[in-house]
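A.B. asks: Just so it is clear, I am handing over input.cif, which has mmCIF, C-alpha atoms.
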```
data_run
#
loop_
_atom_site.label_atom_id
_atom_site.label_comp_id
_atom_site.auth_asym_id
_atom_site.auth_seq_id
_atom_site.Cartn_x
_atom_site.Cartn_y
_atom_site.Cartn_z
CA MET A 89 -13.43 -3.60 -66.59
CA THR A 90 -16.36 -1.31 -67.17
CA SER A 91 -16.82 0.29 -70.49
CA ILE A 92 -16.35 4.05 -70.67
CA ASN A 93 -19.27 5.87 -72.19
CA ARG A 94 -18.83 8.81 -74.48
CA ARG A 95 -19.53 11.41 -71.77
CA ASP A 96 -17.12 9.91 -69.24
CA PHE A 97 -14.48 9.61 -71.92
CA GLY A 98 -14.91 13.28 -72.65
CA ILE A 99 -14.41 14.19 -68.99
CA ALA A 100 -11.37 11.94 -68.76
CA ALA A 101 -9.88 13.49 -71.86
CA VAL A 102 -10.35 17.01 -70.51
CA ALA A 103 -8.87 15.96 -67.18
CA ALA A 104 -5.88 14.44 -68.97
CA MET A 105 -5.38 17.66 -70.89
CA LEU A 106 -5.52 19.70 -67.70
CA LEU A 107 -3.20 17.41 -65.80
CA PRO A 108 0.10 18.76 -67.11
CA VAL A 109 -1.03 22.31 -66.30
CA VAL A 110 -1.96 21.32 -62.77
CA ALA A 111 1.27 19.38 -62.35
CA ALA A 112 3.36 22.28 -63.61
CA ARG A 113 1.64 24.62 -61.19
CA ALA A 114 2.26 22.21 -58.34
CA ALA A 115 5.96 22.09 -59.26
CA GLU A 116 6.12 25.85 -59.00
CA GLU A 117 4.38 25.95 -55.67
CA ALA A 118 5.82 22.97 -53.81
CA PRO A 119 9.42 21.79 -54.21
CA ASP A 120 9.93 18.23 -55.38
CA PRO A 121 10.04 16.24 -52.13
CA LEU A 122 12.64 13.91 -53.60
CA ALA A 123 15.04 16.53 -54.95
CA VAL A 124 18.20 17.96 -53.43
CA HIS A 125 19.74 20.99 -55.08
CA ILE A 126 23.28 22.21 -54.73
CA ASP A 127 23.40 25.99 -54.63
CA ASN A 128 26.32 28.02 -53.32
CA PHE A 129 28.15 24.93 -52.03
CA VAL A 130 25.14 23.87 -49.92
CA PHE A 131 22.88 20.80 -50.18
CA GLN A 132 19.28 21.97 -49.98
CA PRO A 133 17.49 20.63 -48.12
CA ALA A 134 20.36 19.44 -45.98
CA GLN A 135 18.04 16.85 -44.42
CA LEU A 136 15.54 14.87 -46.44
CA MET A 137 12.97 12.30 -45.22
CA VAL A 138 11.97 9.62 -47.73
CA LYS A 139 10.35 6.18 -47.75
CA VAL A 140 12.04 2.90 -48.65
CA GLY A 141 11.94 2.44 -52.41
CA GLN A 142 11.96 6.15 -53.23
CA THR A 143 14.56 7.73 -55.48
CA VAL A 144 16.31 10.97 -54.57
CA THR A 145 17.83 13.14 -57.29
CA TRP A 146 20.63 15.62 -56.66
CA THR A 147 21.17 18.50 -59.09
CA ASN A 148 24.24 20.72 -59.15
CA ARG A 149 23.30 24.33 -59.84
CA ASP A 150 26.77 25.78 -59.08
CA ASP A 151 29.42 26.84 -61.58
CA ILE A 152 31.80 24.43 -59.84
CA PRO A 153 31.63 20.61 -59.98
CA HIS A 154 30.47 18.67 -56.95
CA THR A 155 29.97 15.04 -55.93
CA VAL A 156 27.62 13.18 -53.62
CA VAL A 157 29.33 10.47 -51.58
CA CYS A 158 27.90 8.27 -48.82
CA ALA A 159 30.68 5.99 -47.58
CA GLY A 160 30.00 2.39 -48.56
CA LYS A 161 26.53 3.21 -49.94
CA PHE A 162 26.71 5.41 -52.99
CA ARG A 163 29.10 7.65 -54.87
CA SER A 164 28.14 9.90 -57.76
CA LYS A 165 30.35 10.75 -60.67
CA THR A 166 31.54 14.34 -60.69
CA MET A 167 28.54 16.51 -61.53
CA ASP A 168 29.33 19.59 -63.54
CA THR A 169 26.86 22.47 -63.74
CA ASP A 170 23.30 21.09 -64.11
CA GLY A 171 24.61 17.55 -63.67
CA THR A 172 22.38 15.16 -61.74
CA PHE A 173 22.73 11.99 -59.71
CA ALA A 174 19.89 9.70 -58.60
CA PHE A 175 19.90 6.99 -55.96
CA THR A 176 17.08 4.66 -54.92
CA PHE A 177 17.00 3.87 -51.21
CA THR A 178 16.12 0.23 -50.67
CA ALA A 179 16.72 0.03 -46.92
CA ALA A 180 15.67 2.16 -43.97
CA GLY A 181 18.31 4.11 -42.14
CA GLU A 182 20.21 7.40 -41.96
CA TYR A 183 22.45 8.13 -44.90
CA LYS A 184 24.98 10.86 -44.19
CA TYR A 185 26.67 12.08 -47.33
CA PHE A 186 29.11 14.80 -48.42
CA CYS A 187 30.87 16.30 -51.42
CA SER A 188 34.25 14.61 -51.75
CA LEU A 189 35.68 17.72 -53.44
CA HIS A 190 34.38 20.18 -50.83
CA PRO A 191 34.00 18.07 -47.71
CA HIS A 192 32.53 20.91 -45.67
CA MET A 193 29.37 20.29 -47.74
CA THR A 194 27.32 17.65 -45.92
CA GLY A 195 23.73 16.37 -45.94
CA ILE A 196 21.61 13.49 -44.71
CA VAL A 197 18.77 11.39 -46.10
CA LYS A 198 16.57 9.64 -43.52
CA VAL A 199 14.82 6.61 -44.97
CA GLU A 200 11.87 4.98 -43.19
CA MET B 190 36.85 34.29 -37.44
CA SER B 191 38.13 35.39 -34.06
CA ASN B 192 40.31 32.37 -33.39
CA HIS B 193 41.95 31.82 -36.73
CA ASP B 194 45.66 31.92 -36.65
CA HIS B 195 46.04 34.32 -39.53
CA HIS B 196 45.38 37.15 -37.13
CA ASP B 197 47.12 35.81 -34.11
CA GLU B 198 46.78 38.56 -31.50
CA GLY B 199 49.88 37.28 -29.72
CA ASN B 200 51.97 38.18 -32.72
CA GLY B 201 50.24 41.47 -33.14
CA VAL B 202 48.84 40.65 -36.56
CA SER B 203 45.42 42.22 -36.48
CA ARG B 204 42.52 41.25 -38.66
CA ARG B 205 42.83 44.58 -40.38
CA LYS B 206 46.48 43.98 -41.14
CA VAL B 207 45.64 40.60 -42.61
CA LEU B 208 42.96 42.12 -44.79
CA GLU B 209 45.44 44.73 -45.94
CA CYS B 210 47.67 41.89 -47.06
CA MET B 211 44.93 40.59 -49.29
CA THR B 212 45.81 42.34 -52.48
CA TRP B 213 43.37 41.88 -55.27
CA ALA B 214 45.28 42.64 -58.42
CA GLY B 215 47.56 40.04 -59.92
CA THR B 216 48.98 37.54 -62.35
CA GLY B 217 51.62 35.67 -60.44
CA VAL B 218 54.00 35.76 -57.58
CA LEU B 219 57.68 36.30 -58.07
CA TRP B 220 59.57 34.72 -55.21
CA THR B 221 63.11 35.51 -54.30
CA VAL B 222 65.11 33.75 -51.64
CA THR B 223 67.53 36.05 -49.91
CA GLY B 224 69.49 35.10 -46.85
CA GLY B 225 67.58 31.88 -46.72
CA VAL B 226 64.22 33.50 -46.24
CA PRO B 227 61.93 33.61 -49.24
CA HIS B 228 60.05 36.84 -49.72
CA SER B 229 57.80 38.06 -52.46
CA LEU B 230 58.94 40.90 -54.62
CA GLY B 231 55.37 41.96 -55.23
CA LEU B 232 53.70 42.14 -58.55
CA ILE B 233 55.45 41.00 -61.69
CA GLY B 234 55.71 44.52 -62.99
CA SER B 235 57.55 45.78 -59.92
CA ALA B 236 59.59 42.59 -59.77
CA ALA B 237 60.93 43.39 -63.16
CA ALA B 238 61.73 46.87 -61.96
CA ALA B 239 63.58 45.49 -58.95
CA GLU B 240 65.86 43.42 -61.23
CA PRO B 241 66.20 40.56 -58.77
CA THR B 242 69.52 38.82 -58.51
CA GLY B 243 69.83 35.26 -57.25
CA MET B 244 67.51 32.39 -58.10
CA THR B 245 64.00 33.27 -59.20
CA PHE B 246 61.13 30.88 -59.74
CA MET B 247 57.51 31.36 -60.75
CA GLN B 248 54.32 30.18 -59.12
CA ILE B 249 51.14 29.80 -61.14
CA SER B 250 47.95 28.26 -59.88
CA ASP B 251 44.36 27.35 -60.56
CA SER B 252 44.38 27.60 -64.34
CA HIS B 253 41.09 25.61 -64.50
CA VAL B 254 41.51 24.87 -68.19
CA GLY B 255 38.04 23.92 -69.43
CA PHE B 256 36.20 26.48 -67.30
CA ASP B 257 33.84 28.50 -69.51
CA LYS B 258 31.26 29.95 -67.13
CA PRO B 259 30.35 33.66 -66.87
CA ALA B 260 33.13 34.43 -64.35
CA ASN B 261 35.58 33.86 -67.24
CA PRO B 262 34.36 32.25 -70.46
CA ASN B 263 37.96 32.04 -71.69
CA ALA B 264 40.12 30.52 -68.96
CA ILE B 265 42.43 29.12 -71.57
CA GLY B 266 43.01 32.60 -72.98
CA THR B 267 43.92 34.08 -69.59
CA LEU B 268 46.33 31.20 -68.94
CA GLU B 269 47.99 32.06 -72.23
CA GLU B 270 48.22 35.70 -71.15
CA ALA B 271 49.84 34.64 -67.88
CA ILE B 272 52.43 32.55 -69.72
CA ASN B 273 53.12 35.44 -72.10
CA LYS B 274 53.63 37.65 -69.07
CA ILE B 275 56.20 35.19 -67.70
CA ASN B 276 57.92 34.95 -71.08
CA ALA B 277 58.22 38.72 -71.18
CA MET B 278 60.07 38.92 -67.87
CA PRO B 279 63.52 40.44 -68.27
CA LYS B 280 65.15 37.75 -66.15
CA LYS B 281 64.15 34.21 -67.05
CA PRO B 282 63.00 32.34 -63.94
CA SER B 283 64.79 29.08 -63.14
CA PHE B 284 61.60 27.03 -63.08
CA MET B 285 57.94 27.14 -62.21
CA VAL B 286 55.67 25.54 -59.63
CA HIS B 287 51.99 25.01 -60.38
CA THR B 288 49.92 24.70 -57.22
CA GLY B 289 47.06 22.73 -58.72
CA ASP B 290 43.70 22.87 -60.45
CA ILE B 291 45.47 22.74 -63.79
CA THR B 292 42.16 21.63 -65.32
CA HIS B 293 38.54 22.20 -64.40
CA LEU B 294 37.21 18.67 -64.92
CA SER B 295 40.29 16.44 -65.38
CA LYS B 296 39.47 15.78 -69.03
CA ALA B 297 42.28 14.59 -71.27
CA ALA B 298 41.70 17.50 -73.66
CA GLU B 299 41.93 19.96 -70.76
CA PHE B 300 45.28 18.50 -69.65
CA ASP B 301 46.45 18.61 -73.29
CA ASN B 302 45.49 22.26 -73.67
CA ALA B 303 47.10 23.21 -70.35
CA ASP B 304 50.30 21.47 -71.39
CA ARG B 305 50.36 23.05 -74.80
CA ILE B 306 50.15 26.53 -73.27
CA ILE B 307 52.28 26.12 -70.14
CA SER B 308 55.06 24.45 -72.13
CA GLN B 309 55.41 27.68 -74.10
CA SER B 310 57.21 29.06 -71.05
CA LYS B 311 60.00 26.54 -71.78
CA LEU B 312 60.47 26.18 -68.02
CA ASP B 313 60.59 23.05 -65.90
CA VAL B 314 57.27 22.93 -64.09
CA HIS B 315 56.79 21.20 -60.74
CA TYR B 316 53.13 20.37 -60.20
CA VAL B 317 50.92 19.36 -57.31
CA PRO B 318 47.31 18.37 -58.00
CA GLY B 319 44.22 20.30 -57.01
CA GLU B 320 40.91 18.55 -56.40
CA HIS B 321 39.87 19.42 -59.97
CA ASP B 322 42.77 17.39 -61.37
CA LEU B 323 41.66 14.11 -59.81
CA ILE B 324 38.04 13.77 -60.93
CA ASP B 325 38.39 11.65 -64.07
CA GLU B 326 36.62 8.32 -63.80
CA GLU B 327 39.73 6.26 -63.09
CA ILE B 328 41.67 9.08 -61.41
CA LYS B 329 44.72 8.34 -63.49
CA LEU B 330 45.30 11.22 -65.90
CA TYR B 331 47.11 13.51 -63.44
CA LYS B 332 49.33 10.70 -62.18
CA GLU B 333 50.15 9.55 -65.71
CA ARG B 334 51.20 13.02 -66.77
CA TYR B 335 52.74 14.59 -63.70
CA GLY B 336 53.20 11.82 -61.17
CA LYS B 337 56.38 10.16 -62.42
CA GLY B 338 58.80 9.62 -59.57
CA THR B 339 56.32 10.86 -56.98
CA LYS B 340 54.86 9.07 -53.98
CA GLY B 341 51.26 8.48 -52.97
CA ALA B 342 48.91 10.74 -54.92
CA GLY B 343 51.86 12.79 -56.18
CA TYR B 344 54.06 14.21 -53.41
CA TYR B 345 57.83 14.63 -53.76
CA SER B 346 60.74 16.87 -52.95
CA PHE B 347 63.67 18.35 -54.85
CA ASP B 348 66.50 20.83 -54.36
CA ALA B 349 67.20 23.91 -56.40
CA GLY B 350 69.44 26.91 -55.83
CA GLY B 351 70.21 25.83 -52.27
CA VAL B 352 66.52 25.62 -51.37
CA HIS B 353 64.69 22.42 -50.46
CA PHE B 354 61.29 22.22 -52.15
CA VAL B 355 58.51 19.88 -51.07
CA GLY B 356 55.35 19.39 -53.14
CA LEU B 357 52.50 18.06 -51.01
CA VAL B 358 49.06 16.68 -51.90
CA ASN B 359 46.19 17.71 -49.63
CA VAL B 360 43.22 17.08 -51.92
CA VAL B 361 42.68 13.32 -51.64
CA ASP B 362 40.85 11.17 -49.15
CA LEU B 363 38.96 14.13 -47.73
CA LYS B 364 36.70 13.41 -44.78
CA ALA B 365 33.07 14.49 -44.49
CA GLY B 366 32.82 17.79 -42.68
CA GLY B 367 36.59 18.29 -42.85
CA LEU B 368 39.18 20.39 -44.67
CA GLY B 369 42.15 19.54 -46.87
CA ASN B 370 44.00 16.42 -45.81
CA LEU B 371 47.64 15.26 -45.99
CA GLY B 372 47.24 11.93 -44.22
CA ASN B 373 49.56 9.89 -42.06
CA GLU B 374 51.59 8.26 -44.80
CA GLN B 375 52.51 11.57 -46.43
CA LEU B 376 53.25 13.24 -43.09
CA GLU B 377 55.58 10.41 -42.08
CA TRP B 378 57.32 10.71 -45.41
CA LEU B 379 57.67 14.47 -44.89
CA GLU B 380 59.16 14.03 -41.44
CA ASN B 381 61.76 11.66 -42.88
CA ASP B 382 62.38 13.84 -45.90
CA LEU B 383 63.29 16.79 -43.65
CA LYS B 384 65.21 14.77 -41.09
CA GLY B 385 68.94 15.27 -41.17
CA ARG B 386 68.80 18.38 -43.33
CA SER B 387 70.72 21.39 -42.14
CA LYS B 388 68.40 23.77 -40.34
CA SER B 389 69.88 26.60 -42.33
CA THR B 390 68.49 25.13 -45.55
CA PRO B 391 65.59 27.27 -46.72
CA VAL B 392 62.47 25.14 -47.12
CA VAL B 393 59.57 25.78 -49.48
CA LEU B 394 56.41 23.72 -49.00
CA PHE B 395 53.84 23.94 -51.76
CA ALA B 396 50.38 22.38 -51.94
CA HIS B 397 47.02 23.22 -53.45
CA ILE B 398 44.80 24.01 -50.45
CA PRO B 399 46.27 26.45 -47.91
CA LEU B 400 48.19 24.55 -45.24
CA TRP B 401 47.03 27.06 -42.66
CA THR B 402 43.43 27.71 -41.69
CA VAL B 403 42.19 30.59 -43.81
CA TYR B 404 38.43 30.10 -43.52
CA PRO B 405 37.13 26.69 -42.41
CA GLN B 406 33.52 27.60 -43.18
CA TRP B 407 34.50 27.38 -46.84
CA GLY B 408 36.90 24.49 -46.37
CA TRP B 409 39.92 26.78 -46.77
CA GLY B 410 42.47 25.04 -44.63
CA THR B 411 44.17 21.68 -44.08
CA GLU B 412 42.99 19.41 -41.28
CA ASP B 413 46.45 18.09 -40.42
CA GLY B 414 48.47 21.03 -41.82
CA ALA B 415 49.74 21.87 -38.34
CA ARG B 416 51.64 18.57 -38.25
CA ALA B 417 53.49 19.45 -41.43
CA LEU B 418 54.37 22.84 -39.96
CA GLU B 419 55.61 21.13 -36.81
CA TYR B 420 58.27 19.31 -38.87
CA VAL B 421 59.65 22.54 -40.33
CA LYS B 422 59.77 24.39 -37.01
CA GLY B 423 63.51 24.21 -36.51
CA PHE B 424 64.34 25.56 -39.96
CA GLY B 425 65.44 29.16 -40.24
CA SER B 426 63.41 29.92 -43.32
CA VAL B 427 60.16 28.30 -44.36
CA THR B 428 57.87 29.46 -47.14
CA VAL B 429 54.47 27.90 -47.75
CA LEU B 430 52.95 28.43 -51.20
CA ASN B 431 49.33 27.54 -51.92
CA GLY B 432 46.52 28.20 -54.39
CA HIS B 433 42.87 27.11 -54.24
CA ILE B 434 41.40 30.35 -52.91
CA HIS B 435 42.02 32.38 -56.10
CA GLN B 436 43.30 35.48 -54.34
CA VAL B 437 46.50 36.71 -52.78
CA MET B 438 46.72 36.24 -49.06
CA GLN B 439 49.86 36.41 -47.02
CA LYS B 440 50.90 36.10 -43.43
CA VAL B 441 54.14 35.69 -41.57
CA GLU B 442 54.31 33.64 -38.43
CA GLY B 443 57.72 33.33 -36.84
CA ASN B 444 60.02 31.68 -39.38
CA VAL B 445 57.17 30.79 -41.72
CA THR B 446 55.83 32.91 -44.55
CA PHE B 447 52.48 31.80 -45.95
CA HIS B 448 51.35 32.92 -49.35
CA THR B 449 48.50 32.07 -51.71
CA ALA B 450 48.65 32.93 -55.40
CA ARG B 451 46.00 34.26 -57.70
CA SER B 452 44.26 32.04 -60.20
CA THR B 453 44.88 32.51 -63.90
CA ALA B 454 41.21 31.66 -64.53
CA PHE B 455 38.71 33.39 -62.25
CA PRO B 456 38.65 35.22 -58.91
CA GLN B 457 36.91 34.00 -55.78
CA PRO B 458 35.46 36.23 -53.05
CA ALA B 459 37.29 37.21 -49.89
CA PRO B 460 36.36 34.94 -46.97
CA GLY B 461 32.82 35.43 -45.79
CA THR B 462 32.02 38.24 -48.24
CA ALA B 463 29.74 36.12 -50.44
CA PRO B 464 27.25 33.28 -49.93
CA SER B 465 29.80 30.78 -51.28
CA PRO B 466 33.43 30.48 -52.39
CA GLY B 467 32.33 29.92 -56.00
CA PRO B 468 33.61 31.86 -59.03
CA MET B 469 33.16 35.60 -58.65
CA LYS B 470 31.76 37.45 -61.64
CA VAL B 471 33.28 40.89 -61.97
CA GLU B 472 33.06 43.51 -64.72
CA ASP B 473 35.01 42.39 -67.77
CA ALA B 474 37.32 45.37 -67.42
CA LYS B 475 38.28 44.31 -63.90
CA LEU B 476 38.86 40.58 -64.46
CA ARG B 477 42.51 40.74 -65.48
CA GLY B 478 43.33 42.79 -62.42
CA LEU B 479 42.22 39.84 -60.30
CA LEU B 480 44.08 37.10 -62.17
CA GLY B 481 47.80 36.64 -62.10
CA VAL B 482 51.03 34.81 -61.39
CA ALA B 483 53.71 35.09 -58.74
CA SER B 484 57.44 35.18 -58.97
CA ILE B 485 59.76 34.36 -56.12
CA ASN B 486 63.36 35.44 -55.78
CA PHE B 487 65.99 33.82 -53.59
CA LYS B 488 69.23 35.60 -52.80
CA GLN B 489 71.87 33.75 -50.88
CA ASN B 490 72.90 35.38 -47.62
CA SER B 491 70.88 38.50 -47.66
CA GLN B 492 67.14 38.93 -47.32
CA PRO B 493 64.05 36.70 -47.15
CA LEU B 494 62.47 35.14 -50.24
CA ALA B 495 60.82 37.93 -52.12
CA ILE B 496 57.41 37.26 -53.64
CA ILE B 497 56.01 39.38 -56.39
CA ASP B 498 52.36 38.96 -57.29
CA THR B 499 51.63 40.21 -60.74
CA PRO B 500 48.18 40.73 -62.19
CA LEU B 501 47.51 40.01 -65.84
CA GLN B 502 46.64 43.66 -66.10
CA GLY B 503 46.78 46.72 -63.87
#
```
Go ahead and express the file in the form of structure tokens.
C.D. replies:
Amino acid sequence: MTSINRRDFGIAAVAAMLLPVVAARAAEEAPDPLAVHIDNFVFQPAQLMVKVGQTVTWTNRDDIPHTVVCAGKFRSKTMDTDGTFAFTFTAAGEYKYFCSLHPHMTGIVKVE
Amino acid sequence: MSNHDHHDEGNGVSRRKVLECMTWAGTGVLWTVTGGVPHSLGLIGSAAAAEPTGMTFMQISDSHVGFDKPANPNAIGTLEEAINKINAMPKKPSFMVHTGDITHLSKAAEFDNADRIISQSKLDVHYVPGEHDLIDEEIKLYKERYGKGTKGAGYYSFDAGGVHFVGLVNVVDLKAGGLGNLGNEQLEWLENDLKGRSKSTPVVLFAHIPLWTVYPQWGWGTEDGARALEYVKGFGSVTVLNGHIHQVMQKVEGNVTFHTARSTAFPQPAPGTAPSPGPMKVEDAKLRGLLGVASINFKQNSQPLAIIDTPLQG
């Protein structure tokens, strides 16, 4: 551990203050790489690539409830409007999932 | 769209004709069974004018009690209006069928509210579940309330006024990428249920999701619906009543009349006319023209079952 002098501390403090601004801007510009949104009965993106250990969060933005079901792997509760479901992928593979209420809605998460 | 059977070129039912059948105003369908063939009398208002004789029953659907989004912030209020409309009919219907999505989220309070309002009709109500009625954690509330004496997830049959009624469940065990689903067990039961019945017995099948393929891109159809229709082929009069799509759609194919009823809660767009089948927000003044009930009249030895779709207003 090195001690932080007064000047460095000042820079760190300013950087810390700026960080939320930068992060917020980044969120506006680039979509969260670990988020799937449900809009108009569609999972977006329909295909997501993630790494082992990462957590994907689904958010329902429709006025109708949906679910996220991957046979034998995970099953969300019914998500009403703005409801979310998160799942952490601990093994590599291809996870095909669908909405058990509207089975024409399908998606896939590829984990490597 | 070109290969869907609701505009079967062979039978001369053009796409245009089908679209003409898609009336938009309505509260409910009044069905009448005449000469063994159910036909709709039209909207409730005109049904009343026609003074149907013979057995009449009501169909209501998709009440979505608990729904409070912009498309209709007061789904409970419009259900109440629909029931009032039924209570005001000059001839009291014999009973009612509800083709599912009683509630929006299968909450106990939603079932309670639906019951409190629908029971004001003082009619026997024969239910089948919609997918919205089976999403409570333990998936037990629907079965506890409406499933007594039923098989599987809630299918059953009964006879009334010389007509054989079959309530089917096509909203469970749905497969990824697929449509509504009846499943082997239920289909075998149906085959046996119909076996040995006189072919002159009028048959009414009712289920939540359309048994015929309306628009697979939106999941509007039943994967194995054709098998169910196979079992009713020999019968002189078959009427198929569904909900789910929140709009009136009708087609006749040989001995089978297909009909979907309006929702009492919110309208949904015509197939392919919107990015999704979700609730359609319309001007407040137009909403009640798109919600409704249906009444069905059956007259022995004369005409087909008559269906009357009646909007809440208009």
A.B. asks: Check which residues of chain B sit at most 9 Å from chain A using all atoms listed in the file, and return one row each with the closest pair of atoms and their distance in Å to one decimal, ordered by chain and rising number, as a tab-separated table.
C.D. replies:
```
residue	atom	partner	partner_atom	distance
B:Phe256	CA	A:Asp151	CA	8.9
B:Lys258	CA	A:Asp151	CA	6.6
B:Pro259	CA	A:Asp151	CA	8.7
B:Ala260	CA	A:Asp151	CA	8.9
B:His293	CA	A:Pro153	CA	8.4
B:Leu294	CA	A:Pro153	CA	7.7
B:Glu320	CA	A:Leu189	CA	6.1
B:His321	CA	A:Leu189	CA	7.9
B:Ile324	CA	A:Thr166	CA	6.5
B:Asp325	CA	A:Thr166	CA	8.1
B:Glu326	CA	A:Lys165	CA	7.4
B:Val360	CA	A:Leu189	CA	7.7
B:Val361	CA	A:Leu189	CA	8.5
B:Asp362	CA	A:Ser188	CA	7.9
B:Leu363	CA	A:Ser188	CA	6.2
B:Lys364	CA	A:Pro191	CA	6.1
B:Ala365	CA	A:Pro191	CA	4.9
B:Gly366	CA	A:His192	CA	4.3
B:Gly367	CA	A:Pro191	CA	5.5
B:Leu368	CA	A:Pro191	CA	6.4
B:Gly369	CA	A:Pro191	CA	8.3
B:Pro405	CA	A:His192	CA	8.1
B:Gln406	CA	A:His192	CA	7.2
B:Trp407	CA	A:His192	CA	6.9
B:Gly408	CA	A:His192	CA	5.7
B:Pro464	CA	A:Asn128	CA	6.3
B:Ser465	CA	A:Asn128	CA	4.9
B:Pro466	CA	A:Asn128	CA	7.6
B:Gly467	CA	A:Ile152	CA	6.7
B:Pro468	CA	A:Asp151	CA	7.0
```
A.B. asks: Output C-alpha atoms for every residue in the selection just made, as a PDB file, in the coordinates of the input.
C.D. replies:
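Once everything was written out, this is again_23.pdb:
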```pdb
ATOM      1  CA  PHE B 256      36.200  26.480 -67.300  1.00  0.00           C
ATOM      2  CA  LYS B 258      31.260  29.950 -67.130  1.00  0.00           C
ATOM      3  CA  PRO B 259      30.350  33.660 -66.870  1.00  0.00           C
ATOM      4  CA  ALA B 260      33.130  34.430 -64.350  1.00  0.00           C
ATOM      5  CA  HIS B 293      38.540  22.200 -64.400  1.00  0.00           C
ATOM      6  CA  LEU B 294      37.210  18.670 -64.920  1.00  0.00           C
ATOM      7  CA  GLU B 320      40.910  18.550 -56.400  1.00  0.00           C
ATOM      8  CA  HIS B 321      39.870  19.420 -59.970  1.00  0.00           C
ATOM      9  CA  ILE B 324      38.040  13.770 -60.930  1.00  0.00           C
ATOM     10  CA  ASP B 325      38.390  11.650 -64.070  1.00  0.00           C
ATOM     11  CA  GLU B 326      36.620   8.320 -63.800  1.00  0.00           C
ATOM     12  CA  VAL B 360      43.220  17.080 -51.920  1.00  0.00           C
ATOM     13  CA  VAL B 361      42.680  13.320 -51.640  1.00  0.00           C
ATOM     14  CA  ASP B 362      40.850  11.170 -49.150  1.00  0.00           C
ATOM     15  CA  LEU B 363      38.960  14.130 -47.730  1.00  0.00           C
ATOM     16  CA  LYS B 364      36.700  13.410 -44.780  1.00  0.00           C
ATOM     17  CA  ALA B 365      33.070  14.490 -44.490  1.00  0.00           C
ATOM     18  CA  GLY B 366      32.820  17.790 -42.680  1.00  0.00           C
ATOM     19  CA  GLY B 367      36.590  18.290 -42.850  1.00  0.00           C
ATOM     20  CA  LEU B 368      39.180  20.390 -44.670  1.00  0.00           C
ATOM     21  CA  GLY B 369      42.150  19.540 -46.870  1.00  0.00           C
ATOM     22  CA  PRO B 405      37.130  26.690 -42.410  1.00  0.00           C
ATOM     23  CA  GLN B 406      33.520  27.600 -43.180  1.00  0.00           C
ATOM     24  CA  TRP B 407      34.500  27.380 -46.840  1.00  0.00           C
ATOM     25  CA  GLY B 408      36.900  24.490 -46.370  1.00  0.00           C
ATOM     26  CA  PRO B 464      27.250  33.280 -49.930  1.00  0.00           C
ATOM     27  CA  SER B 465      29.800  30.780 -51.280  1.00  0.00           C
ATOM     28  CA  PRO B 466      33.430  30.480 -52.390  1.00  0.00           C
ATOM     29  CA  GLY B 467      32.330  29.920 -56.000  1.00  0.00           C
ATOM     30  CA  PRO B 468      33.610  31.860 -59.030  1.00  0.00           C
TER      31      PRO B 468
END
```
A.B. asks: For Lys475 in chain B, please output as a list in words all residues within 10 Å (counting all atoms listed in the file; exclusion window: fewer than 5 positions along the same chain).
C.D. replies: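 Neighbouring residues, sequence-local ones excluded: Ala214, Lys470, Leu480, Gln502 and Gly503 of chain B.
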A.B. asks: What would the file look like if the residues just selected were written as an mmCIF file, in the frame of the given file with C-alpha atoms?
C.D. replies:
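again.cif, freshly written:
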```cif
data_model
loop_
_atom_site.group_PDB
_atom_site.id
_atom_site.type_symbol
_atom_site.label_atom_id
_atom_site.label_comp_id
_atom_site.auth_asym_id
_atom_site.auth_seq_id
_atom_site.Cartn_x
_atom_site.Cartn_y
_atom_site.Cartn_z
ATOM 1 C CA ALA B 214 45.280 42.640 -58.420
ATOM 2 C CA LYS B 470 31.760 37.450 -61.640
ATOM 3 C CA LEU B 480 44.080 37.100 -62.170
ATOM 4 C CA GLN B 502 46.640 43.660 -66.100
ATOM 5 C CA GLY B 503 46.780 46.720 -63.870
#
```
A.B. asks: Would you write out, as a ChimeraX atom specification, every residue that the PyMOL selection byres ((chain B and resi 269) around 12) captures in this file?
C.D. replies: /B:216,249,252,254,263-268,270-276,302-310,453-454,480-482,501
A.B. asks: Rounded to one decimal place, report the CA of Gly341 in chain B-CA of Asp322 in chain B distance in Å.
C.D. replies: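 Here the two named atoms are 14.9 Å from each other.
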A.B. asks: Which neighbours of Arg386 in chain B fall inside 12 Å, counting all atoms listed in the file, when residues of the same chain fewer than 3 positions from it are skipped, and could you give them as a tab-separated table (two decimals) with C-alpha atoms, keeping the file's coordinate frame?
C.D. replies:
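selection.tsv, freshly written:
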```tsv
chain	number	residue	atom	x	y	z
B	348	ASP	CA	66.50	20.83	-54.36
B	351	GLY	CA	70.21	25.83	-52.27
B	352	VAL	CA	66.52	25.62	-51.37
B	353	HIS	CA	64.69	22.42	-50.46
B	379	LEU	CA	57.67	14.47	-44.89
B	380	GLU	CA	59.16	14.03	-41.44
B	381	ASN	CA	61.76	11.66	-42.88
B	382	ASP	CA	62.38	13.84	-45.90
B	383	LEU	CA	63.29	16.79	-43.65
B	389	SER	CA	69.88	26.60	-42.33
B	390	THR	CA	68.49	25.13	-45.55
B	391	PRO	CA	65.59	27.27	-46.72
B	392	VAL	CA	62.47	25.14	-47.12
B	420	TYR	CA	58.27	19.31	-38.87
B	421	VAL	CA	59.65	22.54	-40.33
B	423	GLY	CA	63.51	24.21	-36.51
B	424	PHE	CA	64.34	25.56	-39.96
B	425	GLY	CA	65.44	29.16	-40.24
```
A.B. asks: Quick check, in Å to one decimal: how far apart do CA of Ala474 in chain B and CA of Gly255 in chain B lie?
C.D. replies: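 Computing the Euclidean distance for CA of Ala474 in chain B and CA of Gly255 in chain B yields 21.6 Å.
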